[in-house]
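J.: Following this line is run_2.txt, made up of compact mmCIF, C-alpha atoms:
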```
# COMPACT_ATOMS: atom_id res chain seq x y z
CA MET A 8 -15.18 42.88 -1.96
CA LEU A 9 -15.62 46.63 -1.47
CA ASN A 10 -13.20 47.13 -4.36
CA GLN A 11 -16.21 46.67 -6.68
CA VAL A 12 -17.73 49.86 -5.25
CA ASN A 13 -17.16 53.24 -6.86
CA PRO A 14 -14.07 54.50 -4.95
CA PHE A 15 -15.77 57.90 -4.68
CA TYR A 16 -18.01 56.38 -2.00
CA LEU A 17 -15.13 54.85 -0.07
CA LYS A 18 -13.28 58.04 0.75
CA ASN A 19 -13.39 58.86 4.43
CA GLU A 20 -14.91 62.29 3.92
CA MET A 21 -17.64 60.82 1.65
CA ILE A 22 -18.44 58.10 4.18
CA ALA A 23 -18.80 60.83 6.81
CA THR A 24 -21.09 62.80 4.48
CA ILE A 25 -23.27 59.75 3.79
CA LYS A 26 -23.47 59.04 7.54
CA THR A 27 -24.58 62.61 8.19
CA THR A 28 -27.08 62.58 5.33
CA VAL A 29 -28.70 59.33 6.49
CA ARG A 30 -28.84 60.66 10.06
CA THR A 31 -30.29 64.07 9.17
CA GLU A 32 -32.30 63.41 5.99
CA GLY A 33 -33.25 59.82 6.78
CA MET A 34 -32.21 58.59 3.33
CA VAL A 35 -29.62 58.74 0.62
CA LEU A 36 -29.52 57.47 -2.98
CA LEU A 37 -25.99 56.64 -4.11
CA ARG A 38 -25.84 56.73 -7.91
CA GLU A 39 -23.19 54.91 -9.96
CA PHE A 40 -22.63 52.80 -6.89
CA PHE A 41 -20.62 49.99 -8.49
CA LEU A 42 -17.73 50.46 -10.87
CA PRO A 43 -18.97 50.09 -14.48
CA SER A 44 -17.13 46.80 -15.01
CA SER A 45 -18.53 45.31 -11.79
CA PHE A 46 -22.02 46.55 -12.61
CA THR A 47 -21.89 44.91 -16.04
CA VAL A 48 -21.03 41.55 -14.45
CA LEU A 49 -23.75 42.00 -11.84
CA ASP A 50 -26.30 42.99 -14.48
CA LYS A 51 -25.57 39.91 -16.61
CA SER A 52 -25.57 37.54 -13.63
CA THR A 53 -29.06 38.63 -12.56
CA ARG A 54 -30.87 38.60 -15.89
CA ASN A 55 -32.09 35.01 -15.56
CA GLY A 56 -33.29 32.62 -12.91
CA TRP A 57 -36.34 34.58 -11.81
CA SER A 58 -39.53 32.80 -10.80
CA LEU A 59 -42.96 34.13 -9.90
CA ARG A 60 -43.98 34.44 -6.25
CA CYS A 61 -47.54 35.52 -5.72
CA VAL A 62 -49.68 35.64 -2.59
CA PRO A 63 -52.39 37.99 -3.89
CA ASP A 64 -53.11 39.76 -0.60
CA ARG A 65 -49.37 40.19 0.17
CA TYR A 66 -47.24 40.49 -2.95
CA CYS A 67 -46.84 39.52 -6.57
CA SER A 68 -43.38 39.75 -8.14
CA GLN A 69 -40.50 37.54 -9.19
CA THR A 70 -37.63 36.35 -7.06
CA ARG A 71 -34.43 34.36 -7.47
CA PRO A 72 -31.85 32.80 -5.12
CA ALA A 73 -29.96 35.29 -2.97
CA HIS A 74 -27.06 36.98 -4.78
CA PRO A 75 -23.58 37.19 -3.19
CA VAL A 76 -23.53 40.94 -3.81
CA ARG A 77 -26.03 41.31 -0.98
CA SER A 78 -23.26 40.64 1.56
CA LEU A 79 -21.29 43.52 0.06
CA ILE A 80 -24.35 45.78 0.32
CA ARG A 81 -24.73 44.73 3.96
CA SER A 82 -21.06 45.49 4.65
CA PHE A 83 -21.29 48.92 3.02
CA SER A 84 -24.51 49.69 4.83
CA ARG A 85 -22.91 48.76 8.17
CA LEU A 86 -19.92 50.92 7.31
CA VAL A 87 -21.94 54.05 6.63
CA THR A 88 -24.87 53.63 9.01
CA GLY A 89 -23.40 51.46 11.75
CA LYS A 90 -26.43 49.18 11.43
CA GLU A 91 -27.14 45.83 9.83
CA PRO A 92 -29.70 46.44 7.06
CA LEU A 93 -33.02 44.60 7.13
CA SER A 94 -33.09 41.42 5.08
CA GLN A 95 -34.10 41.75 1.44
CA LEU A 96 -34.92 39.13 -1.19
CA PRO A 97 -33.84 39.72 -4.79
CA LEU A 98 -37.00 40.92 -6.52
CA ARG A 99 -38.02 41.76 -10.07
CA PHE A 100 -41.07 43.87 -10.82
CA SER A 101 -42.94 44.10 -14.11
CA HIS A 102 -46.54 44.75 -15.21
CA ARG A 103 -48.97 43.57 -12.48
CA SER A 104 -46.24 43.28 -9.80
CA TYR A 105 -46.73 44.88 -6.37
CA THR A 106 -46.21 44.45 -2.67
CA LEU A 107 -48.77 45.35 -0.02
CA LEU A 108 -48.30 46.52 3.53
CA HIS A 109 -49.33 43.81 5.93
CA ASP A 110 -49.98 43.69 9.64
CA GLU A 111 -47.37 40.94 10.01
CA ASP A 112 -44.64 43.03 8.35
CA SER A 113 -41.77 43.98 10.57
CA SER A 114 -42.17 47.53 11.83
CA ALA A 115 -38.99 47.49 13.90
CA SER A 116 -36.52 50.33 13.43
CA GLY A 117 -33.53 49.73 11.17
CA VAL A 118 -31.92 50.51 7.85
CA VAL A 119 -33.41 49.49 4.52
CA ALA A 120 -30.76 48.98 1.82
CA LEU A 121 -32.05 48.47 -1.73
CA PHE A 122 -29.82 48.20 -4.77
CA PHE A 123 -31.46 48.96 -8.12
CA LEU A 124 -30.20 47.40 -11.33
CA ASP A 125 -32.53 49.26 -13.68
CA ASP A 126 -33.88 52.72 -14.37
CA TRP A 127 -37.61 53.12 -14.07
CA PRO A 128 -39.78 55.81 -15.66
CA GLN A 129 -42.42 57.84 -13.87
CA GLY A 130 -46.10 57.05 -14.47
CA CYS A 131 -45.79 53.25 -14.57
CA GLY A 132 -46.21 52.58 -10.85
CA GLY A 133 -43.29 50.73 -9.26
CA GLU A 134 -42.38 53.52 -6.83
CA ILE A 135 -40.95 52.34 -3.52
CA VAL A 136 -43.19 54.10 -0.99
CA PHE A 137 -42.19 54.44 2.65
CA VAL A 138 -45.06 54.93 5.08
CA HIS A 139 -44.86 55.90 8.73
CA HIS A 140 -48.05 55.08 10.65
CA GLY A 141 -50.18 55.62 7.54
CA THR A 142 -48.42 58.76 6.27
CA THR A 143 -46.26 58.62 3.16
CA ILE A 144 -42.82 59.94 4.04
CA LEU A 145 -40.79 58.99 0.97
CA ARG A 146 -41.31 57.89 -2.64
CA VAL A 147 -38.38 56.63 -4.69
CA LEU A 148 -38.18 55.54 -8.32
CA PRO A 149 -35.51 52.95 -9.11
CA VAL A 150 -32.34 54.35 -10.69
CA LYS A 151 -29.89 52.05 -12.47
CA ASN A 152 -26.77 51.12 -10.45
CA SER A 153 -27.97 53.01 -7.36
CA LEU A 154 -28.02 52.07 -3.70
CA LEU A 155 -30.87 53.43 -1.60
CA LEU A 156 -30.32 53.62 2.14
CA VAL A 157 -33.27 54.60 4.32
CA ARG A 158 -33.22 54.91 8.08
CA CYS A 159 -36.57 53.63 9.29
CA ALA A 160 -38.03 54.54 12.65
CA ARG A 161 -40.23 52.03 14.45
CA GLY A 162 -43.53 51.85 12.57
CA THR A 163 -42.06 52.74 9.16
CA ARG A 164 -42.71 50.21 6.41
CA TYR A 165 -42.55 50.27 2.66
CA PHE A 166 -44.35 48.86 -0.34
CA VAL A 167 -43.83 48.75 -4.09
CA LYS A 168 -46.69 50.39 -5.90
CA TYR A 169 -48.55 48.27 -8.46
CA VAL A 170 -46.80 48.33 -11.84
CA ASN A 171 -49.36 49.35 -14.43
CA HIS A 172 -49.75 48.61 -18.13
CA LYS A 173 -47.75 51.68 -19.15
CA ALA A 174 -44.64 49.71 -18.14
CA LYS A 175 -45.23 47.51 -21.22
CA LYS A 176 -42.44 44.87 -21.27
CA ARG A 177 -40.13 46.78 -18.90
CA SER A 178 -39.05 45.42 -15.54
CA PHE A 179 -36.74 46.47 -12.73
CA ARG A 180 -34.61 44.39 -10.39
CA VAL A 181 -33.86 45.06 -6.72
CA LEU A 182 -31.15 43.27 -4.76
CA MET B 3 -87.62 31.67 4.86
CA HIS B 4 -90.49 33.44 3.00
CA GLU B 5 -90.18 32.94 -0.70
CA GLN B 6 -92.80 35.43 -1.75
CA LEU B 7 -92.64 39.16 -1.74
CA PRO B 8 -95.31 40.79 0.42
CA ALA B 9 -97.60 42.89 -1.81
CA LYS B 10 -96.61 46.14 -0.11
CA VAL B 11 -92.93 45.42 -0.59
CA ARG B 12 -93.47 44.50 -4.25
CA LYS B 13 -95.28 47.81 -4.81
CA GLU B 14 -92.38 49.79 -3.35
CA LEU B 15 -89.78 47.82 -5.26
CA ALA B 16 -91.67 48.31 -8.52
CA LEU B 17 -90.93 52.03 -8.37
CA TRP B 18 -87.23 51.24 -8.98
CA VAL B 19 -86.72 47.61 -9.99
CA ASN B 20 -87.54 45.96 -13.31
CA ASP B 21 -90.59 43.73 -13.04
CA ALA B 22 -88.67 40.62 -14.18
CA TYR B 23 -86.80 40.67 -10.86
CA LEU B 24 -89.95 40.80 -8.79
CA GLN B 25 -91.48 37.50 -9.84
CA ASP B 26 -91.52 34.90 -7.09
CA LYS B 27 -89.98 32.21 -9.32
CA LYS B 28 -87.20 34.59 -10.24
CA ILE B 29 -86.44 35.31 -6.59
CA VAL B 30 -86.20 31.58 -5.83
CA ALA B 31 -83.83 31.16 -8.79
CA LEU B 32 -81.71 34.11 -7.65
CA ARG B 33 -81.40 32.68 -4.18
CA LYS B 34 -80.26 29.32 -5.54
CA SER B 35 -77.79 31.06 -7.79
CA PHE B 36 -76.43 33.25 -4.97
CA LEU B 37 -76.00 30.39 -2.52
CA SER B 38 -74.41 27.99 -5.01
CA ALA B 39 -72.10 30.50 -6.67
CA SER B 40 -68.38 29.83 -6.75
CA PRO B 41 -65.82 30.71 -5.43
CA PHE B 42 -68.11 32.36 -2.86
CA SER B 43 -71.75 33.50 -2.71
CA HIS B 44 -72.36 36.22 -5.28
CA LEU B 45 -74.80 37.35 -7.90
CA ALA B 46 -74.91 39.78 -10.81
CA LEU B 47 -78.31 41.31 -11.59
CA CYS B 48 -78.29 42.76 -15.11
CA ASP B 49 -80.67 45.60 -15.98
CA LEU B 50 -81.86 45.69 -12.40
CA LEU B 51 -83.23 49.21 -12.23
CA LEU B 52 -85.90 50.80 -14.38
CA GLU B 53 -84.10 52.56 -17.22
CA LYS B 54 -85.65 55.96 -16.50
CA LYS B 55 -84.63 55.82 -12.83
CA PHE B 56 -81.18 54.46 -13.64
CA ALA B 57 -80.53 57.14 -16.27
CA GLN B 58 -81.46 59.88 -13.76
CA LEU B 59 -79.17 58.34 -11.18
CA GLU B 60 -76.38 57.98 -13.73
CA ARG B 61 -76.53 61.68 -14.61
CA ALA B 62 -76.33 62.60 -10.93
CA VAL B 63 -73.44 60.21 -10.23
CA ARG B 64 -71.47 61.45 -13.23
CA ARG B 65 -71.72 64.99 -11.85
CA LEU B 66 -70.28 64.09 -8.44
CA PRO B 67 -66.93 65.65 -7.51
CA MET B 68 -64.31 63.02 -6.83
CA ASP B 69 -60.83 63.00 -5.29
CA ARG B 70 -57.92 60.77 -6.25
CA LYS B 71 -57.12 58.14 -3.62
CA GLU B 72 -53.85 56.23 -3.61
CA ALA B 73 -52.49 53.59 -1.25
CA ASP B 74 -50.65 50.29 -1.48
CA LEU B 75 -53.96 48.57 -2.13
CA PHE B 76 -55.66 50.92 -4.58
CA SER B 77 -55.62 53.79 -7.02
CA PHE B 78 -58.92 55.40 -8.05
CA LEU B 79 -61.16 58.45 -7.80
CA GLN B 80 -63.70 58.47 -4.99
CA SER B 81 -66.67 60.66 -4.10
CA GLY B 82 -67.53 61.67 -0.58
CA ASP B 83 -69.99 59.71 1.52
CA LEU B 84 -73.14 59.56 -0.61
CA LEU B 85 -75.32 59.41 2.50
CA ALA B 86 -74.25 63.01 3.13
CA CYS B 87 -74.89 64.03 -0.49
CA LYS B 88 -77.55 66.69 -1.03
CA ASP B 89 -78.37 65.80 -4.64
CA PRO B 90 -82.12 64.92 -4.64
CA THR B 91 -81.75 62.06 -7.14
CA ILE B 92 -78.99 60.42 -5.14
CA ARG B 93 -80.89 60.95 -1.90
CA SER B 94 -83.97 59.35 -3.45
CA PHE B 95 -81.92 56.38 -4.68
CA LEU B 96 -80.25 55.83 -1.31
CA SER B 97 -83.55 56.17 0.48
CA PHE B 98 -84.79 53.28 -1.68
CA TRP B 99 -81.51 51.34 -1.35
CA GLU B 100 -81.71 51.50 2.45
CA SER B 101 -85.46 50.93 2.63
CA ASP B 102 -87.07 48.01 4.44
CA ALA B 103 -88.50 46.93 1.11
CA PHE B 104 -85.16 46.61 -0.68
CA ARG B 105 -83.44 45.01 2.31
CA THR B 106 -86.33 42.52 2.54
CA TYR B 107 -85.77 41.75 -1.13
CA LEU B 108 -82.06 41.20 -0.48
CA PHE B 109 -82.89 38.99 2.47
CA LEU B 110 -85.08 36.80 0.26
CA ILE B 111 -82.20 36.40 -2.17
CA THR B 112 -79.26 36.07 0.22
CA GLY B 113 -80.75 34.91 3.51
CA ILE B 114 -78.81 37.71 5.19
CA LYS B 115 -80.54 40.31 7.36
CA THR B 116 -79.17 43.82 7.15
CA LYS B 117 -79.99 47.12 8.83
CA SER B 118 -78.05 49.90 7.17
CA ILE B 119 -75.82 50.80 4.24
CA ASP B 120 -72.86 52.88 3.30
CA SER B 121 -72.18 54.14 -0.17
CA ALA B 122 -69.69 56.03 -2.32
CA ALA B 123 -69.05 56.49 -6.02
CA PHE B 124 -65.77 55.31 -7.53
CA CYS B 125 -64.25 56.04 -10.89
CA TYR B 126 -61.30 54.02 -12.19
CA GLU B 127 -59.29 55.55 -15.00
CA ALA B 128 -56.61 53.88 -17.11
CA GLY B 129 -53.96 52.43 -14.76
CA ASP B 130 -56.28 52.36 -11.71
CA TYR B 131 -56.91 49.17 -9.70
CA LEU B 132 -57.99 47.70 -6.40
CA LEU B 133 -55.78 44.80 -5.31
CA CYS B 134 -56.79 41.66 -3.46
CA HIS B 135 -58.66 42.03 -0.18
CA ASP B 136 -61.66 40.41 1.53
CA ASP B 137 -63.76 43.45 2.60
CA ARG B 138 -64.07 42.19 6.14
CA LEU B 139 -64.77 44.95 8.60
CA SER B 140 -67.10 45.02 11.55
CA GLY B 141 -70.74 44.84 10.48
CA ARG B 142 -70.26 44.40 6.73
CA LYS B 143 -72.51 41.59 5.52
CA ILE B 144 -73.15 42.11 1.81
CA ALA B 145 -70.94 44.06 -0.59
CA TYR B 146 -72.59 45.70 -3.58
CA VAL B 147 -71.35 47.28 -6.80
CA LEU B 148 -73.73 49.09 -9.14
CA GLN B 149 -72.09 49.60 -12.54
CA PHE B 150 -72.53 52.62 -14.80
CA ASP B 151 -70.25 51.64 -17.69
CA THR B 152 -70.36 48.72 -20.08
CA ARG B 153 -66.86 47.51 -20.76
CA LYS B 154 -65.13 44.85 -22.84
CA GLN B 155 -62.89 42.26 -21.21
CA SER B 156 -59.91 43.77 -23.06
CA ASP B 157 -60.59 47.16 -21.37
CA GLY B 158 -59.69 45.69 -17.95
CA GLY B 159 -61.59 46.65 -14.82
CA ALA B 160 -63.20 43.26 -14.21
CA LEU B 161 -64.23 42.37 -10.69
CA ALA B 162 -62.18 39.22 -10.13
CA LEU B 163 -63.26 36.70 -7.49
CA LEU B 164 -60.39 34.65 -6.11
CA GLY B 165 -60.37 31.16 -4.72
CA ALA B 166 -58.99 30.24 -1.30
CA ASP B 167 -56.65 27.50 -0.15
CA ARG B 168 -57.36 25.24 2.84
CA PHE B 169 -56.10 27.96 5.17
CA GLY B 170 -58.45 30.53 3.64
CA ARG B 171 -55.64 32.39 1.87
CA PRO B 172 -56.37 33.79 -1.60
CA THR B 173 -55.24 31.82 -4.62
CA ALA B 174 -56.04 32.66 -8.24
CA ALA B 175 -58.91 34.53 -9.90
CA LEU B 176 -61.58 31.93 -10.57
CA LYS B 177 -64.25 34.24 -11.95
CA ARG B 178 -64.22 37.62 -13.67
CA LEU B 179 -67.29 39.82 -13.78
CA ILE B 180 -67.03 42.27 -16.67
CA PRO B 181 -68.74 45.60 -15.86
CA THR B 182 -72.09 46.11 -17.57
CA ARG B 183 -74.23 49.22 -17.23
CA ASN B 184 -77.13 48.94 -14.77
CA THR B 185 -75.82 45.69 -13.30
CA LEU B 186 -75.77 45.15 -9.56
CA THR B 187 -73.17 42.74 -8.22
CA LEU B 188 -73.65 41.41 -4.71
CA PHE B 189 -71.45 39.17 -2.67
CA LYS B 190 -71.41 37.85 0.86
CA VAL B 191 -68.55 39.23 2.94
CA THR B 192 -66.65 36.38 4.56
CA LYS B 193 -63.06 35.57 5.45
CA THR B 194 -62.67 34.02 2.00
CA SER B 195 -64.44 36.65 -0.11
CA HIS B 196 -61.11 37.56 -1.71
CA HIS B 197 -61.62 39.84 -4.68
CA GLN B 198 -59.94 42.58 -6.68
CA VAL B 199 -60.70 45.10 -9.39
CA GLU B 200 -58.27 44.36 -12.17
CA GLU B 201 -56.37 47.26 -13.66
CA VAL B 202 -58.37 49.43 -16.03
CA LEU B 203 -56.48 49.48 -19.32
CA SER B 204 -58.66 51.98 -21.18
CA GLY B 205 -61.82 54.03 -20.65
CA THR B 206 -63.40 54.53 -17.24
CA ARG B 207 -65.18 52.30 -14.77
CA LEU B 208 -67.80 54.18 -12.75
CA THR B 209 -69.66 52.52 -9.89
CA VAL B 210 -71.64 53.17 -6.77
CA THR B 211 -70.25 50.77 -4.21
CA GLY B 212 -70.69 49.98 -0.55
CA TRP B 213 -71.96 47.46 1.94
CA PHE B 214 -75.16 46.42 3.62
CA HIS B 215 -74.43 46.23 7.33
CA ALA B 216 -75.86 44.08 10.11
```
Kindly return the structure encoded in the file as structure tokens.

T.:
Amino acid sequence: MLNQVNPFYLKNEMIATIKTTVRTEGMVLLREFFLPSSFTVLDKSTRNGWSLRCVPDRYCSQTRPAHPVRSLIRSFSRLVTGKEPLSQLPLRFSHRSYTLLHDEDSSASGVVALFFLDDWPQGCGGEIVFVHHGTTILRVLPVKNSLLLVRCARGTRYFVKYVNHKAKKRSFRVL
Amino acid sequence: MHEQLPAKVRKELALWVNDAYLQDKKIVALRKSFLSASPFSHLALCDLLLEKKFAQLERAVRRLPMDRKEADLFSFLQSGDLLACKDPTIRSFLSFWESDAFRTYLFLITGIKTKSIDSAAFCYEAGDYLLCHDDRLSGRKIAYVLQFDTRKQSDGGALALLGADRFGRPTAALKRLIPTRNTLTLFKVTKTSHHQVEEVLSGTRLTVTGWFHA
């Protein structure tokens, strides 16, 4: 399955660099992660089938059945971090979508692996914000065909900032 | 519960509150309205304060320095603690707001005894919001929002009151209160007082907001 991944990221020296970056910087954003042909297939296969999930004091976004590409993301994440990434539902965010931090959220240490299918402009909300014991440690805007890997210490959690009206009809998908 | 305002209390209230709100029949009607309101006990008092007093307060509030506050739950501008504010108009207002007379008035309407307040000014600009929460925190009994802007529904910024399922979890917005200048909104803080300030789409939404505490 890894043959769908940009071969640039599969070279031994690059894997070593990613490992080092995640260990020292705590995060890495791998752009052009899938080969263009694979990304096109992935993009088309995740355009439909989304349904609203909304618990107002927890989250409001759209989700769909798990996509097989998630197992590839897990494999790659294990390869470069040595850790199984935390589970992640496919999510789509558009105007009025958000997630909130919640006391019941897992705050165990681990690796968060998020794959973005769409670019997202600044100023519309939608940033993925990582918080460690109340302090913001990282803000990331989705970038099309990019894999975000974040090493989270115990107590680090993340939320997706409310998507405001400036987003208009735009949306972004996360697998 | 007493249904009539003691004369001394009425005299003190009359320095700030429009006379229409001080009539005994009106107070009885307000109490019924508060207690029977859905999805939880609340009330909106339009044109509550005397216009001259309100206009003075409005000028003082609009001059307050504010800082941008951002978290998962909210995005807005907020003043410092108004109880520490040195502005004489704001001090005078809060002195009235916290007075025995005004808290007696609130007790007649809500049936809830309170002892103290906290207070801050908030300004929501386009794109700002406060997502769903229930306000519960030790001692908070009644939440209040005093509005300084009149807005249209299409401007956003409504205070939305959400229903609750059988487990007390929030469901959908069942009522939207559109901000109107010189309107005081009160609601009882409970485990199901789920509410949110919907995103402001244009203009600003200025309020003085806080809680009456036990």

J.: Report, in Å to a single decimal, how far apart CA of Arg178 (chain B) and CA of Cys67 (chain A) are.

T.: 18.9 Å

J.: Find the residues around Arg71 (chain A) up to 10 Å (all atoms listed in the file counted), leave out those fewer than 6 positions away in its own chain, and share them as an NGL selection string.

T.: :A and (53 or 55-60 or 96-99 or 182)

J.: Just the number, please: distance in Å from CA of Leu203 (chain B) to CA of Leu66 (chain B), one decimal.

T.: 22.9 Å

J.: Under the rule that only C-alpha atoms are counted, which of B:Asp49, B:Asp102, B:Asp120, B:Asp69 is the nearest residue to Leu84 (chain B)?

T.: B:Asp120

J.: Dump as CSV the rows for residues of region 34-108 of chain B within 12 Å of region 121-135 of chain A: closest atom pair and distance in Å with one decimal, all atoms listed in the file counted, ordered by chain and rising residue number.

T.:
```
residue,atom,partner,partner_atom,distance
B:Glu72,CA,A:Gly132,CA,11.1
B:Ala73,CA,A:Gly132,CA,11.5
B:Asp74,CA,A:Ile135,CA,10.1
B:Phe76,CA,A:Gly132,CA,11.5
B:Ser77,CA,A:Gly132,CA,10.2
```

J.: Give me the residues within 7 Å of Leu51 (chain B) as a list in words, counting all atoms listed in the file and dropping any in the same chain fewer than 6 places off.

T.: Trp18, Val19, Asn20 and Asn184 of chain B

J.: Let's have the selection written as an mmCIF file, in the frame of the given file, with C-alpha atoms.

T.:
```cif
data_model
loop_
_atom_site.group_PDB
_atom_site.id
_atom_site.type_symbol
_atom_site.label_atom_id
_atom_site.label_comp_id
_atom_site.auth_asym_id
_atom_site.auth_seq_id
_atom_site.Cartn_x
_atom_site.Cartn_y
_atom_site.Cartn_z
ATOM 1 C CA TRP B 18 -87.230 51.240 -8.980
ATOM 2 C CA VAL B 19 -86.720 47.610 -9.990
ATOM 3 C CA ASN B 20 -87.540 45.960 -13.310
ATOM 4 C CA ASN B 184 -77.130 48.940 -14.770
#
```

J.: Taking only residues of chain B that have an atom at most 8 Å from an atom of chain A, what is each one's shortest atom pair and its distance in Å to one decimal, using all atoms listed in the file, in chain and number order, as a tab-separated table?

T.:
```
residue	atom	partner	partner_atom	distance
B:Asp74	CA	A:Leu107	CA	5.5
B:Leu75	CA	A:Leu107	CA	6.5
B:Gly129	CA	A:Asn171	CA	5.5
B:Leu133	CA	A:Asp64	CA	7.4
B:Cys134	CA	A:Asp64	CA	5.0
B:His135	CA	A:Asp64	CA	6.0
B:Pro172	CA	A:Pro63	CA	6.2
B:Thr173	CA	A:Pro63	CA	6.8
B:Ala174	CA	A:Pro63	CA	7.8
B:Glu201	CA	A:Asn171	CA	7.4
B:Leu203	CA	A:His172	CA	6.9
```

J.: What gap, in Å, lies between CA of Arg70 (chain B) and CA of Leu132 (chain B)?

T.: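 Separation of CA of Arg70 (chain B) and CA of Leu132 (chain B): 13.1 Å.
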
J.: Choose the residue, out of B:Gln198, B:Thr209, B:Ser101, B:Ser204, that has the smallest atom-to-atom separation from Ser118 (chain B); count all atoms listed in the file.

T.: B:Ser101

J.: Might I get the box with edges along x, y and z of the file that holds all atoms of region 9-24 of chain A listed there, padded by 5 Å on every side, given as centre and edge lengths in Å to one decimal, as JSON?

T.:
```
{"center_x": -17.1, "center_y": 54.7, "center_z": 0.0, "size_x": 17.9, "size_y": 26.2, "size_z": 23.7}
```

J.: Quick one: everything within 9 Å of Gly165 (chain B), counting all atoms listed in the file, minus sequence neighbours fewer than 2 positions away in the same chain. Send it as a list in words.

T.: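 Counting all atoms listed in the file, the residues come to Ser40, Pro41, Phe42, Leu163, Asp167, Gly170, Arg171, Pro172, Thr173, Ala174, Ala175, Leu176, Lys177, Thr194, Ser195, His196 and His197 of chain B.
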
J.: So that I can see what lies close to Ala16 (chain B), please list as a list in words the residues with an atom at most 12 Å from it, counting all atoms listed in the file and leaving out residues fewer than 5 positions away in the same chain.

T.: Leu7, Ala9, Lys10, Val11, Asp21, Ala22, Tyr23, Leu24, Gln25, Leu50, Leu51, Leu52, Lys55, Phe98, Ala103, Phe104 and Tyr107 of chain B

J.: Return region 28-39 of chain A, completed with N, CA and C atoms, as a compact mmCIF listing (two decimals), in the coordinates of the input.

T.:
```
# COMPACT_ATOMS: atom_id res chain seq x y z
N THR A 28 -25.86 62.46 6.13
CA THR A 28 -27.08 62.58 5.33
C THR A 28 -28.15 61.59 5.81
N VAL A 29 -27.73 60.34 6.03
CA VAL A 29 -28.70 59.33 6.49
C VAL A 29 -29.26 59.73 7.85
N ARG A 30 -28.38 60.29 8.71
CA ARG A 30 -28.84 60.66 10.06
C ARG A 30 -29.79 61.86 10.02
N THR A 31 -29.49 62.84 9.16
CA THR A 31 -30.29 64.07 9.17
C THR A 31 -31.47 64.02 8.19
N GLU A 32 -31.24 63.45 7.00
CA GLU A 32 -32.30 63.41 5.99
C GLU A 32 -33.11 62.12 6.07
N GLY A 33 -32.55 61.09 6.68
CA GLY A 33 -33.25 59.82 6.78
C GLY A 33 -33.02 58.91 5.59
N MET A 34 -32.44 59.42 4.51
CA MET A 34 -32.21 58.59 3.33
C MET A 34 -31.12 59.18 2.47
N VAL A 35 -30.56 58.28 1.63
CA VAL A 35 -29.62 58.74 0.62
C VAL A 35 -29.68 57.78 -0.56
N LEU A 36 -29.55 58.30 -1.77
CA LEU A 36 -29.52 57.47 -2.98
C LEU A 36 -28.14 57.65 -3.61
N LEU A 37 -27.36 56.58 -3.61
CA LEU A 37 -25.99 56.64 -4.11
C LEU A 37 -25.95 56.13 -5.54
N ARG A 38 -25.84 57.08 -6.48
CA ARG A 38 -25.84 56.73 -7.91
C ARG A 38 -24.47 56.23 -8.34
N GLU A 39 -24.45 55.48 -9.45
CA GLU A 39 -23.19 54.91 -9.96
C GLU A 39 -22.46 54.21 -8.82
```
